[in-house]
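Colleague: To be precise about what I am sending: the file is called my_file.tsv and holds TSV, C-alpha atoms and all ligand atoms.
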chain	number	residue	atom	x	y	z
A	1004	MET	CA	16.11	1.06	19.46
A	1005	ARG	CA	18.30	0.82	16.34
A	1006	ILE	CA	16.36	0.45	13.09
A	1007	GLY	CA	17.90	-0.42	9.72
A	1008	LEU	CA	16.14	0.64	6.53
A	1009	VAL	CA	16.80	-0.78	3.05
A	1010	GLY	CA	15.85	1.16	-0.09
A	1011	VAL	CA	15.90	4.96	0.06
A	1012	GLY	CA	13.73	5.83	-2.96
A	1013	ARG	CA	10.45	7.78	-2.81
A	1014	ILE	CA	8.95	6.03	0.21
A	1015	GLY	CA	12.19	4.82	1.81
A	1016	ALA	CA	13.65	8.31	2.31
A	1017	PHE	CA	10.29	9.41	3.74
A	1018	HIS	CA	10.12	6.40	6.12
A	1019	ALA	CA	13.71	7.09	7.24
A	1020	ALA	CA	12.69	10.65	8.22
A	1021	THR	CA	9.58	9.36	10.01
A	1022	LEU	CA	11.59	6.72	11.90
A	1023	LYS	CA	14.13	9.33	12.98
A	1024	GLY	CA	11.31	11.31	14.63
A	1025	LEU	CA	9.83	8.38	16.61
A	1026	PRO	CA	10.44	8.49	20.37
A	1027	ALA	CA	11.20	4.74	20.49
A	1028	VAL	CA	13.96	5.04	17.87
A	1029	ASP	CA	17.47	6.10	18.92
A	1030	GLN	CA	19.29	5.36	15.67
A	1031	VAL	CA	18.37	4.90	12.00
A	1032	VAL	CA	20.84	3.32	9.56
A	1033	VAL	CA	20.07	3.18	5.84
A	1034	ALA	CA	21.37	1.09	2.93
A	1035	ASP	CA	20.50	0.90	-0.75
A	1036	ALA	CA	21.57	-1.12	-3.80
A	1037	ASP	CA	23.01	2.23	-4.85
A	1038	PRO	CA	25.24	3.09	-1.84
A	1039	SER	CA	25.72	6.69	-2.97
A	1040	ARG	CA	21.95	7.21	-2.72
A	1041	ALA	CA	22.00	5.87	0.87
A	1042	GLU	CA	24.88	8.19	1.69
A	1043	VAL	CA	23.03	11.26	0.34
A	1044	VAL	CA	19.84	10.46	2.29
A	1045	ALA	CA	21.85	9.73	5.45
A	1046	LYS	CA	23.64	13.08	5.17
A	1047	ASP	CA	20.38	14.95	4.49
A	1048	LEU	CA	18.70	13.45	7.54
A	1049	GLY	CA	21.74	13.32	9.84
A	1050	ILE	CA	21.55	9.53	10.22
A	1051	ALA	CA	23.99	6.66	9.57
A	1052	PHE	CA	24.39	4.54	6.44
A	1053	ALA	CA	25.80	1.10	5.72
A	1054	PRO	CA	27.57	0.18	2.47
A	1055	ASP	CA	25.28	-2.81	1.79
A	1056	VAL	CA	22.55	-5.00	3.27
A	1057	PRO	CA	24.86	-7.66	4.84
A	1058	ALA	CA	26.78	-4.87	6.64
A	1059	LEU	CA	23.47	-3.32	7.73
A	1060	LEU	CA	22.22	-6.64	9.16
A	1061	ALA	CA	25.57	-7.32	10.85
A	1062	SER	CA	25.47	-3.93	12.59
A	1063	GLY	CA	23.12	-5.10	15.38
A	1064	LEU	CA	19.54	-4.07	14.54
A	1065	ASP	CA	16.40	-4.17	16.67
A	1066	GLY	CA	14.25	-3.91	13.54
A	1067	LEU	CA	14.55	-3.89	9.75
A	1068	VAL	CA	12.36	-1.75	7.47
A	1069	ILE	CA	12.28	-2.79	3.80
A	1070	ALA	CA	11.32	-0.05	1.35
A	1071	ALA	CA	13.30	-1.31	-1.66
A	1072	ALA	CA	11.73	-2.10	-5.03
A	1073	THR	CA	9.07	-4.83	-4.86
A	1074	SER	CA	11.29	-7.23	-6.87
A	1075	ALA	CA	13.73	-7.26	-3.89
A	1076	HIS	CA	11.18	-7.77	-1.07
A	1077	ALA	CA	11.14	-11.58	-0.87
A	1078	GLU	CA	14.92	-11.89	-0.66
A	1079	LEU	CA	15.21	-9.07	1.87
A	1080	ILE	CA	12.43	-10.49	4.09
A	1081	ALA	CA	14.27	-13.83	4.03
A	1082	ALA	CA	17.51	-12.05	5.01
A	1083	GLY	CA	15.77	-10.26	7.92
A	1084	VAL	CA	14.10	-13.47	9.14
A	1085	SER	CA	17.28	-15.55	8.94
A	1086	ALA	CA	19.14	-12.85	10.89
A	1087	GLY	CA	16.35	-13.05	13.53
A	1088	VAL	CA	15.49	-9.34	13.14
A	1089	PRO	CA	11.82	-8.22	13.40
A	1090	THR	CA	10.98	-7.01	9.89
A	1091	PHE	CA	8.63	-4.47	8.33
A	1092	CYS	CA	8.22	-4.65	4.55
A	1093	GLU	CA	6.34	-2.35	2.20
A	1094	LYS	CA	3.55	-3.91	0.15
A	1095	PRO	CA	3.42	-6.11	-1.86
A	1096	VAL	CA	5.44	-9.07	-0.52
A	1097	ALA	CA	6.62	-10.21	-3.96
A	1098	LEU	CA	5.96	-9.86	-7.66
A	1099	ASP	CA	3.98	-13.10	-7.98
A	1100	LEU	CA	1.77	-15.47	-6.05
A	1101	ALA	CA	4.26	-18.39	-5.88
A	1102	GLU	CA	6.96	-16.21	-4.30
A	1103	THR	CA	4.44	-14.64	-1.89
A	1104	GLU	CA	3.44	-18.16	-0.77
A	1105	GLN	CA	7.11	-19.10	-0.28
A	1106	VAL	CA	7.62	-16.03	1.92
A	1107	LEU	CA	4.52	-16.94	3.94
A	1108	ALA	CA	5.85	-20.49	4.53
A	1109	LEU	CA	9.24	-19.13	5.60
A	1110	VAL	CA	7.75	-16.53	7.96
A	1111	GLU	CA	5.20	-18.88	9.52
A	1112	ALA	CA	7.93	-21.49	10.14
A	1113	SER	CA	9.95	-18.92	12.09
A	1114	SER	CA	9.22	-16.95	15.24
A	1115	VAL	CA	10.43	-13.64	13.76
A	1116	PRO	CA	7.57	-11.12	13.42
A	1117	VAL	CA	7.03	-9.72	9.91
A	1118	HIS	CA	4.72	-6.71	9.43
A	1119	ILE	CA	3.56	-5.74	5.91
A	1120	GLY	CA	3.01	-2.07	5.13
A	1121	PHE	CA	-0.62	-1.38	4.28
A	1122	GLN	CA	-0.78	2.02	5.96
A	1123	ARG	CA	-4.50	2.61	5.31
A	1124	ARG	CA	-5.15	0.28	8.28
A	1125	PHE	CA	-3.69	3.09	10.43
A	1126	ASP	CA	-5.73	5.92	8.85
A	1127	ALA	CA	-8.39	7.34	11.19
A	1128	GLY	CA	-11.04	7.48	8.43
A	1129	TYR	CA	-10.71	3.83	7.42
A	1130	GLN	CA	-10.66	2.83	11.10
A	1131	ALA	CA	-13.92	4.78	11.66
A	1132	ALA	CA	-15.47	3.05	8.63
A	1133	ARG	CA	-14.52	-0.36	10.02
A	1134	SER	CA	-16.14	0.54	13.36
A	1135	ALA	CA	-19.29	1.75	11.58
A	1136	VAL	CA	-19.59	-1.53	9.65
A	1137	GLU	CA	-18.89	-3.58	12.79
A	1138	SER	CA	-21.42	-1.67	14.93
A	1139	GLY	CA	-24.16	-2.08	12.30
A	1140	GLU	CA	-24.91	1.65	12.12
A	1141	LEU	CA	-24.87	1.54	8.30
A	1142	GLY	CA	-27.30	-1.41	8.25
A	1143	PHE	CA	-26.35	-3.92	5.58
A	1144	VAL	CA	-23.75	-2.47	3.22
A	1145	HIS	CA	-24.79	-3.07	-0.38
A	1146	HIS	CA	-22.24	-0.99	-2.32
A	1147	ILE	CA	-18.72	0.29	-1.74
A	1148	ARG	CA	-16.67	2.54	-3.99
A	1149	ALA	CA	-12.91	2.61	-3.47
A	1150	ASN	CA	-10.36	4.56	-5.46
A	1151	THR	CA	-6.60	5.16	-5.66
A	1152	ASN	CA	-5.79	8.03	-7.98
A	1153	ASP	CA	-2.13	9.06	-8.08
A	1154	ALA	CA	-1.45	12.59	-9.28
A	1155	ALA	CA	1.51	11.61	-11.44
A	1156	PRO	CA	3.07	8.31	-12.58
A	1157	PRO	CA	6.22	6.84	-11.00
A	1158	HIS	CA	9.46	6.79	-13.00
A	1159	ARG	CA	9.74	4.38	-15.93
A	1160	GLU	CA	12.12	1.93	-14.17
A	1161	TYR	CA	9.58	1.48	-11.36
A	1162	ILE	CA	7.00	-0.24	-13.59
A	1163	PRO	CA	8.74	-3.56	-14.49
A	1164	GLN	CA	9.69	-4.00	-10.81
A	1165	SER	CA	6.20	-3.18	-9.51
A	1166	GLY	CA	4.11	-6.25	-10.39
A	1167	GLY	CA	1.67	-4.14	-12.45
A	1168	PHE	CA	-1.19	-1.80	-11.63
A	1169	PHE	CA	-3.44	-4.14	-9.61
A	1170	ARG	CA	-0.60	-5.71	-7.56
A	1171	ASP	CA	1.14	-2.37	-6.97
A	1172	CYS	CA	-1.62	0.23	-6.69
A	1173	THR	CA	-5.18	-1.05	-6.18
A	1174	VAL	CA	-3.78	-3.80	-3.91
A	1175	HIS	CA	-4.19	-1.10	-1.20
A	1176	ASP	CA	-7.93	-0.96	-1.96
A	1177	PHE	CA	-8.19	-4.76	-1.90
A	1178	ASP	CA	-6.52	-4.90	1.52
A	1179	ILE	CA	-8.61	-2.11	2.99
A	1180	VAL	CA	-11.89	-3.55	1.67
A	1181	ARG	CA	-11.09	-6.76	3.59
A	1182	TYR	CA	-10.07	-4.75	6.67
A	1183	VAL	CA	-13.12	-2.46	6.69
A	1184	THR	CA	-15.77	-5.09	5.89
A	1185	GLY	CA	-14.24	-8.21	7.44
A	1186	ARG	CA	-15.49	-10.05	4.32
A	1187	GLU	CA	-13.68	-11.97	1.57
A	1188	VAL	CA	-13.84	-11.39	-2.18
A	1189	VAL	CA	-15.44	-14.24	-4.14
A	1190	SER	CA	-15.23	-12.93	-7.70
A	1191	VAL	CA	-13.77	-10.09	-9.77
A	1192	TYR	CA	-14.21	-8.53	-13.15
A	1193	ALA	CA	-11.48	-6.08	-14.13
A	1194	THR	CA	-10.42	-3.95	-17.03
A	1195	GLY	CA	-7.69	-1.42	-17.75
A	1196	ALA	CA	-6.20	0.87	-20.35
A	1197	ASN	CA	-3.03	2.71	-21.14
A	1198	ARG	CA	-3.73	6.33	-22.08
A	1199	GLY	CA	-0.61	8.05	-20.75
A	1200	GLU	CA	3.08	7.31	-21.34
A	1201	ALA	CA	3.71	4.44	-23.76
A	1202	PHE	CA	6.09	2.65	-21.36
A	1203	PHE	CA	3.20	1.19	-19.33
A	1204	GLY	CA	2.08	-0.67	-22.45
A	1205	GLU	CA	5.66	-1.70	-23.27
A	1206	TYR	CA	5.77	-3.58	-19.94
A	1207	GLY	CA	2.30	-5.10	-20.49
A	1208	ASP	CA	0.88	-2.82	-17.78
A	1209	VAL	CA	-1.96	-0.26	-17.68
A	1210	ASP	CA	-2.05	3.23	-16.16
A	1211	SER	CA	-5.79	3.32	-15.39
A	1212	ALA	CA	-8.04	0.46	-14.33
A	1213	ALA	CA	-11.34	-0.54	-12.78
A	1214	ALA	CA	-12.58	-3.67	-11.06
A	1215	LEU	CA	-15.92	-4.91	-9.78
A	1216	LEU	CA	-15.53	-7.18	-6.75
A	1217	THR	CA	-18.28	-9.29	-5.23
A	1218	LEU	CA	-17.89	-10.05	-1.51
A	1219	ASP	CA	-19.04	-13.24	0.18
A	1220	ASP	CA	-22.15	-11.45	1.54
A	1221	ASN	CA	-23.05	-10.06	-1.92
A	1222	THR	CA	-21.72	-6.56	-1.29
A	1223	PHE	CA	-20.57	-5.03	-4.58
A	1224	VAL	CA	-17.32	-3.08	-4.57
A	1225	ALA	CA	-16.32	-0.81	-7.46
A	1226	VAL	CA	-12.57	-0.16	-7.38
A	1227	SER	CA	-10.93	2.35	-9.68
A	1228	GLY	CA	-7.50	3.90	-10.02
A	1229	THR	CA	-5.11	5.79	-12.22
A	1230	ARG	CA	-1.53	7.04	-12.36
A	1231	TYR	CA	-2.76	10.30	-13.97
A	1232	ASN	CA	-5.05	12.26	-11.67
A	1233	GLY	CA	-4.14	15.87	-12.41
A	1234	ALA	CA	-6.28	17.20	-9.53
A	1235	GLY	CA	-4.08	15.45	-6.94
A	1236	HIS	CA	-3.63	12.25	-4.93
A	1237	ASP	CA	-7.22	11.15	-4.38
A	1238	VAL	CA	-7.76	8.09	-2.18
A	1239	ARG	CA	-11.26	7.57	-0.85
A	1240	MET	CA	-13.86	4.97	0.04
A	1241	GLU	CA	-17.64	5.35	0.05
A	1242	LEU	CA	-19.83	2.86	1.87
A	1243	HIS	CA	-23.56	2.74	1.25
A	1244	GLY	CA	-25.83	0.76	3.52
A	1245	SER	CA	-29.52	0.18	4.24
A	1246	LEU	CA	-29.35	2.64	7.19
A	1247	GLY	CA	-26.65	5.11	6.18
A	1248	SER	CA	-23.67	6.08	4.05
A	1249	LEU	CA	-20.15	7.06	4.94
A	1250	ALA	CA	-17.19	8.56	3.03
A	1251	VAL	CA	-13.53	8.04	3.95
A	1252	GLY	CA	-11.06	10.68	2.72
A	1253	LEU	CA	-13.68	13.35	1.97
A	1254	ASP	CA	-12.30	16.46	3.63
A	1255	ALA	CA	-11.13	19.97	2.80
A	1256	HIS	CA	-8.03	18.51	1.06
A	1257	THR	CA	-9.81	16.05	-1.22
A	1258	ALA	CA	-8.60	16.50	-4.80
A	1259	LEU	CA	-12.07	17.09	-6.19
A	1260	ARG	CA	-14.31	20.06	-6.90
A	1261	SER	CA	-18.04	20.25	-6.95
A	1262	ALA	CA	-19.87	20.94	-10.21
A	1263	GLU	CA	-22.74	22.46	-8.21
A	1264	ARG	CA	-23.22	26.22	-8.03
A	1265	ASP	CA	-22.30	27.96	-4.76
A	1266	VAL	CA	-20.52	24.90	-3.36
A	1267	SER	CA	-16.90	25.68	-2.53
A	1268	PHE	CA	-16.12	22.50	-0.56
A	1269	PRO	CA	-13.49	20.98	-0.68
A	1270	ASP	CA	-11.69	24.28	-0.31
A	1271	GLY	CA	-8.27	23.31	1.13
A	1272	ARG	CA	-5.01	22.68	-0.72
A	1273	PRO	CA	-5.45	19.25	-2.37
A	1274	HIS	CA	-3.25	16.34	-1.36
A	1275	MET	CA	-0.71	15.82	-4.14
A	1276	THR	CA	1.23	12.73	-2.95
A	1277	PHE	CA	0.68	9.65	-0.80
A	1278	MET	CA	2.99	11.31	1.75
A	1279	ASP	CA	0.58	14.29	2.13
A	1280	ARG	CA	-2.51	12.11	2.25
A	1281	PHE	CA	-1.25	9.47	4.70
A	1282	GLN	CA	1.42	11.19	6.80
A	1283	PRO	CA	-0.29	10.48	10.17
A	1284	ALA	CA	-1.03	6.91	9.07
A	1285	TYR	CA	2.65	6.27	8.20
A	1286	VAL	CA	3.69	7.60	11.64
A	1287	ALA	CA	1.13	5.33	13.36
A	1288	GLU	CA	2.17	2.37	11.21
A	1289	LEU	CA	5.90	2.69	11.94
A	1290	THR	CA	5.16	3.35	15.62
A	1291	ALA	CA	3.22	0.08	15.61
A	1292	PHE	CA	6.23	-1.62	14.02
A	1293	THR	CA	8.51	-0.39	16.82
A	1294	GLU	CA	6.04	-1.98	19.27
A	1295	VAL	CA	6.12	-5.22	17.25
A	1296	ALA	CA	9.94	-5.10	17.30
A	1297	ALA	CA	9.89	-4.49	21.08
A	1298	GLY	CA	7.63	-7.53	21.51
A	1299	THR	CA	4.77	-5.51	23.03
A	1300	ARG	CA	2.31	-5.84	20.15
A	1301	GLU	CA	1.02	-8.50	17.74
A	1302	VAL	CA	1.79	-8.00	14.04
A	1303	PRO	CA	-1.09	-5.76	12.82
A	1304	CYS	CA	-0.86	-6.76	9.14
A	1305	THR	CA	0.62	-10.17	8.44
A	1306	VAL	CA	2.08	-11.83	5.36
A	1307	ARG	CA	-1.14	-13.89	5.32
A	1308	ASP	CA	-3.18	-10.66	5.05
A	1309	ALA	CA	-0.90	-9.46	2.26
A	1310	LEU	CA	-1.31	-12.79	0.45
A	1311	ALA	CA	-5.12	-12.43	0.58
A	1312	ALA	CA	-4.95	-8.95	-0.99
A	1313	PHE	CA	-2.41	-10.18	-3.55
A	1314	ARG	CA	-4.74	-13.03	-4.62
A	1315	ILE	CA	-7.43	-10.44	-5.42
A	1316	ALA	CA	-4.91	-8.37	-7.41
A	1317	ASP	CA	-3.78	-11.48	-9.28
A	1318	ALA	CA	-7.38	-12.39	-10.10
A	1319	CYS	CA	-7.95	-8.84	-11.42
A	1320	GLU	CA	-4.86	-9.07	-13.63
A	1321	LEU	CA	-6.11	-12.38	-15.05
A	1322	SER	CA	-9.60	-10.95	-15.53
A	1323	ARG	CA	-8.22	-7.93	-17.38
A	1324	ARG	CA	-5.99	-10.00	-19.62
A	1325	GLU	CA	-8.67	-12.58	-20.46
A	1326	ASN	CA	-11.67	-10.22	-20.31
A	1327	ARG	CA	-13.73	-12.48	-18.06
A	1328	ILE	CA	-15.05	-12.87	-14.52
A	1329	VAL	CA	-12.55	-14.69	-12.28
A	1330	THR	CA	-13.71	-16.50	-9.13
A	1331	LEU	CA	-11.47	-16.85	-6.10
B	1	LIG	N1	2.60	2.05	1.20
B	1	LIG	C1	2.67	2.99	0.31
B	1	LIG	O1	1.90	3.95	0.33
B	1	LIG	C2	3.73	2.94	-0.75
B	1	LIG	C3	3.96	4.06	-1.55
B	1	LIG	C4	4.99	3.99	-2.49
B	1	LIG	C5	5.73	2.83	-2.65
B	1	LIG	N2	5.45	1.76	-1.86
B	1	LIG	C6	6.22	0.51	-2.03
B	1	LIG	O2	7.56	0.81	-1.60
B	1	LIG	C7	8.51	0.15	-2.44
B	1	LIG	C8	9.48	1.20	-2.99
B	1	LIG	O3	8.75	2.12	-3.78
B	1	LIG	P1	9.39	3.54	-4.19
B	1	LIG	O4	8.31	4.27	-4.86
B	1	LIG	O5	10.08	4.13	-3.04
B	1	LIG	O6	10.46	3.03	-5.30
B	1	LIG	P2	11.76	3.79	-5.82
B	1	LIG	O7	12.03	3.20	-7.16
B	1	LIG	O8	11.63	5.26	-5.67
B	1	LIG	O9	12.91	3.33	-4.79
B	1	LIG	C9	13.33	2.00	-4.67
B	1	LIG	C10	14.72	1.99	-4.01
B	1	LIG	O10	15.07	0.63	-3.73
B	1	LIG	C11	16.43	0.45	-4.07
B	1	LIG	N3	16.64	-0.99	-4.30
B	1	LIG	C12	16.17	-1.74	-5.32
B	1	LIG	N4	16.57	-3.02	-5.17
B	1	LIG	C13	17.29	-3.07	-4.01
B	1	LIG	C14	17.95	-4.11	-3.30
B	1	LIG	N5	17.96	-5.37	-3.76
B	1	LIG	N6	18.58	-3.80	-2.15
B	1	LIG	C15	18.61	-2.54	-1.68
B	1	LIG	N7	17.98	-1.51	-2.31
B	1	LIG	C16	17.33	-1.77	-3.46
B	1	LIG	C17	16.64	1.32	-5.31
B	1	LIG	O11	18.01	1.60	-5.54
B	1	LIG	C18	15.82	2.56	-4.92
B	1	LIG	O12	16.60	3.49	-4.19
B	1	LIG	C19	7.70	-0.60	-3.50
B	1	LIG	O13	7.60	-1.94	-3.10
B	1	LIG	C20	6.32	0.04	-3.46
B	1	LIG	O14	5.29	-0.88	-3.75
B	1	LIG	C21	4.49	1.80	-0.92
Rewrite the structure from the file as C-alpha cells, please.
Ligand SMILES: NC(=O)c1ccc[n+]([C@@H]2O[C@H](COP(=O)([O-])OP(=O)(O)OC[C@H]3O[C@@H](n4cnc5c(N)ncnc54)[C@H](O)[C@@H]3O)[C@@H](O)[C@H]2O)c1

Modeller:
Amino acid sequence: MRIGLVGVGRIGAFHAATLKGLPAVDQVVVADADPSRAEVVAKDLGIAFAPDVPALLASGLDGLVIAAATSAHAELIAAGVSAGVPTFCEKPVALDLAETEQVLALVEASSVPVHIGFQRRFDAGYQAARSAVESGELGFVHHIRANTNDAAPPHREYIPQSGGFFRDCTVHDFDIVRYVTGREVVSVYATGANRGEAFFGEYGDVDSAAALLTLDDNTFVAVSGTRYNGAGHDVRMELHGSLGSLAVGLDAHTALRSAERDVSFPDGRPHMTFMDRFQPAYVAELTAFTEVAAGTREVPCTVRDALAAFRIADACELSRRENRIVTL
C-alpha cells in the first residue's frame, strides 16, 4: 500500500515514521507547503517526497494522511475526496463550524471514506473506560474529570491556524467524553485565561481553560487544560459512579506526584509529549486507517463525530467570550 502524507510538522513527521513501520504500508511519500521541509523529513526517514500536493495526489496513492495545519484541512480533505483517495485527517476538520459542515456535506455525498484523527479512541485505557460504562460496573456515572495538560506551548505561528484552545486542545476531551459515555452534551460553561506568553492573547486565545459540561443524563463533566504543565504531558480521565470509580492515564508515567508522605507512585519517567503518551494509540489508529483504505473496516471516527466534538468546542468558546452558560 502506498500512503501519501501532507504536512510534516510536529505530528506529521511522527505519523510518517509510524506509517513507515506498518506492515500494510510498502511506501510512504510526503509533501509540505514548504517542500524543503518534506525533503528533510523524507531523507531522515528514508522515504520519498513529492514537490507539492497535486504531484503527491497524481502519484497513485492508496491512502492520504493529512497532518498539515488545521487551516488547510478542509481544502486538503476536498482534494483527497475528489481524487477518490481514502483520507485520514488530523483533528479538527476546519477552523469553524460552517466549514466543518461543508466538509461533512461533501464527504457524505461521496463514497470516499474519511477518517478523522482522534487517537484517544485507540488508547487501551479509554477503551476500558468505555467498556466499564457500557457494562454498568460503575453504576450510574455522576461525575467525570477530563484533562489535557501540554508540557510546553506550540510555536507562535501555530496559534492563529489552530482554531483556539477549545477547538484545538480540549476538543480531544469533548470527543472522548462522547466516546466513553455514549451520551451527548446539552450545556457548557467555560472560562479561560492567558498567563504565559503574550501571543495567545494577541490572537484572542487563552493558554489555560476549564469547562463544565452537562450530559443528557445529567452527568457532570469537568474539563481542564493548559499549554503550560511543567510536570509533563498529563492527559487523564476520572469517572465516578454509584458503584465504582475508574482512572484513565494513571500509571507509573503520569506527570503528577503525590503530596502524601511515603507515597512514591507515580515513580516512572513522566510523559513529556503527546507522542510519548499516545504512541501505541497512534500506531493502532493509523493501522485502522490502512484497513479503512483497504476497504476491510468501517471508518472508526467520522466527520460527523468530529462535527459533534467541534460543536461542543464552539459552545465553550462562546461561553468563555460571553461569560454565560451555552446550551447545545
Ligand atoms: N491528534 C493529536 O494528538 C495531534 C497532536 C498535534 C497536532 N495535531 C493536529 O495536527 C495538525 C498539525 O499540527 P502540528 O503540531 O504538526 O503543526 P506544525 O505547525 O508543527 O506543522 C504543520 C505543517 O503543515 C504544513 N502546512 C501548512 N499548510 C499546508 C498546506 N496547505 N499544504 C501542505 N502543508 C501545509 C506546514 O508547513 C508545517 O510543516 C493540526 O491540525 C493539529 O490540530 C494533532

Colleague: How far is it from atom C20 of ligand LIG 1 (chain B) to CA of Thr1257 (chain A), in Å with one decimal?

Modeller: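 A separation of 22.8 Å between them.
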
Colleague: Got a sec: who's within 7 Å of Phe1268 (chain A), counting only C-alpha atoms, leaving out chain neighbours fewer than 2 positions off, as JSON, numbers by chain?

Modeller: {"A": [1255, 1266, 1270]}

Colleague: May I have the residues within 9 Å of Tyr1182 (chain A) as a PyMOL selection string, using all atoms listed in the file and disregarding those fewer than 4 positions away in the same chain?

Modeller: chain A and resi 1124+1129-1130+1133+1177-1178+1186

Colleague: Around ligand LIG 1 (chain B), at most 8 Å away and counting only C-alpha atoms and all ligand atoms, which residues are there? Put them as a PyMOL selection string, please.

Modeller: chain A and resi 1009-1016+1034-1037+1040-1041+1055-1056+1069-1076+1078-1079+1093-1096+1120-1122+1157-1158+1160-1161+1165+1171-1172+1175+1277-1278+1281

Colleague: Which one of A:Arg1159, A:His1146, A:Arg1005, A:Arg1170 sits closest to Glu1320 (chain A) if you count all atoms listed in the file?

Modeller: A:Arg1170

Colleague: Distance CA of Gly1244 (chain A)-CA of Gly1142 (chain A), one decimal place?

Modeller: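 It comes out at 5.4 Å.
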
Colleague: Missing atoms in region 1150-1163 of chain A should be modelled up to N, CA, C and O atoms and reported as a PDB file, in the coordinates of the input.

Modeller:
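What landed in part-v7.pdb:
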ATOM      1  N   ASN A1150     -11.226   4.107  -4.369  1.00  0.00           N
ATOM      2  CA  ASN A1150     -10.360   4.560  -5.460  1.00  0.00           C
ATOM      3  C   ASN A1150      -8.962   4.954  -4.972  1.00  0.00           C
ATOM      4  O   ASN A1150      -8.784   5.405  -3.845  1.00  0.00           O
ATOM      5  N   THR A1151      -7.998   4.745  -5.878  1.00  0.00           N
ATOM      6  CA  THR A1151      -6.600   5.160  -5.660  1.00  0.00           C
ATOM      7  C   THR A1151      -6.159   5.902  -6.917  1.00  0.00           C
ATOM      8  O   THR A1151      -5.835   5.270  -7.928  1.00  0.00           O
ATOM      9  N   ASN A1152      -6.191   7.226  -6.837  1.00  0.00           N
ATOM     10  CA  ASN A1152      -5.790   8.030  -7.980  1.00  0.00           C
ATOM     11  C   ASN A1152      -4.505   8.778  -7.647  1.00  0.00           C
ATOM     12  O   ASN A1152      -4.518   9.700  -6.830  1.00  0.00           O
ATOM     13  N   ASP A1153      -3.409   8.354  -8.269  1.00  0.00           N
ATOM     14  CA  ASP A1153      -2.130   9.060  -8.080  1.00  0.00           C
ATOM     15  C   ASP A1153      -2.101  10.287  -8.986  1.00  0.00           C
ATOM     16  O   ASP A1153      -2.562  10.226 -10.128  1.00  0.00           O
ATOM     17  N   ALA A1154      -1.499  11.360  -8.484  1.00  0.00           N
ATOM     18  CA  ALA A1154      -1.450  12.590  -9.280  1.00  0.00           C
ATOM     19  C   ALA A1154      -0.558  12.425 -10.513  1.00  0.00           C
ATOM     20  O   ALA A1154      -0.875  12.937 -11.589  1.00  0.00           O
ATOM     21  N   ALA A1155       0.562  11.728 -10.333  1.00  0.00           N
ATOM     22  CA  ALA A1155       1.510  11.610 -11.440  1.00  0.00           C
ATOM     23  C   ALA A1155       2.147  10.221 -11.400  1.00  0.00           C
ATOM     24  O   ALA A1155       2.281   9.625 -10.326  1.00  0.00           O
ATOM     25  N   PRO A1156       2.531   9.683 -12.560  1.00  0.00           N
ATOM     26  CA  PRO A1156       3.070   8.310 -12.580  1.00  0.00           C
ATOM     27  C   PRO A1156       4.459   8.222 -11.955  1.00  0.00           C
ATOM     28  O   PRO A1156       5.182   9.219 -11.922  1.00  0.00           O
ATOM     29  N   PRO A1157       4.845   7.026 -11.481  1.00  0.00           N
ATOM     30  CA  PRO A1157       6.220   6.840 -11.000  1.00  0.00           C
ATOM     31  C   PRO A1157       7.177   6.834 -12.188  1.00  0.00           C
ATOM     32  O   PRO A1157       6.738   6.836 -13.339  1.00  0.00           O
ATOM     33  N   HIS A1158       8.487   6.809 -11.906  1.00  0.00           N
ATOM     34  CA  HIS A1158       9.460   6.790 -13.000  1.00  0.00           C
ATOM     35  C   HIS A1158       9.378   5.470 -13.767  1.00  0.00           C
ATOM     36  O   HIS A1158       8.915   4.454 -13.244  1.00  0.00           O
ATOM     37  N   ARG A1159       9.835   5.512 -15.002  1.00  0.00           N
ATOM     38  CA  ARG A1159       9.740   4.380 -15.930  1.00  0.00           C
ATOM     39  C   ARG A1159      10.282   3.075 -15.334  1.00  0.00           C
ATOM     40  O   ARG A1159       9.659   2.017 -15.433  1.00  0.00           O
ATOM     41  N   GLU A1160      11.456   3.148 -14.677  1.00  0.00           N
ATOM     42  CA  GLU A1160      12.120   1.930 -14.170  1.00  0.00           C
ATOM     43  C   GLU A1160      11.288   1.261 -13.064  1.00  0.00           C
ATOM     44  O   GLU A1160      11.488   0.089 -12.761  1.00  0.00           O
ATOM     45  N   TYR A1161      10.395   2.024 -12.450  1.00  0.00           N
ATOM     46  CA  TYR A1161       9.580   1.480 -11.360  1.00  0.00           C
ATOM     47  C   TYR A1161       8.633   0.387 -11.883  1.00  0.00           C
ATOM     48  O   TYR A1161       8.390  -0.607 -11.197  1.00  0.00           O
ATOM     49  N   ILE A1162       8.113   0.591 -13.099  1.00  0.00           N
ATOM     50  CA  ILE A1162       7.000  -0.240 -13.590  1.00  0.00           C
ATOM     51  C   ILE A1162       7.351  -1.731 -13.711  1.00  0.00           C
ATOM     52  O   ILE A1162       6.632  -2.569 -13.153  1.00  0.00           O
ATOM     53  N   PRO A1163       8.476  -2.122 -14.378  1.00  0.00           N
ATOM     54  CA  PRO A1163       8.740  -3.560 -14.490  1.00  0.00           C
ATOM     55  C   PRO A1163       9.068  -4.229 -13.158  1.00  0.00           C
ATOM     56  O   PRO A1163       9.007  -5.453 -13.045  1.00  0.00           O
TER      57      PRO A1163
END
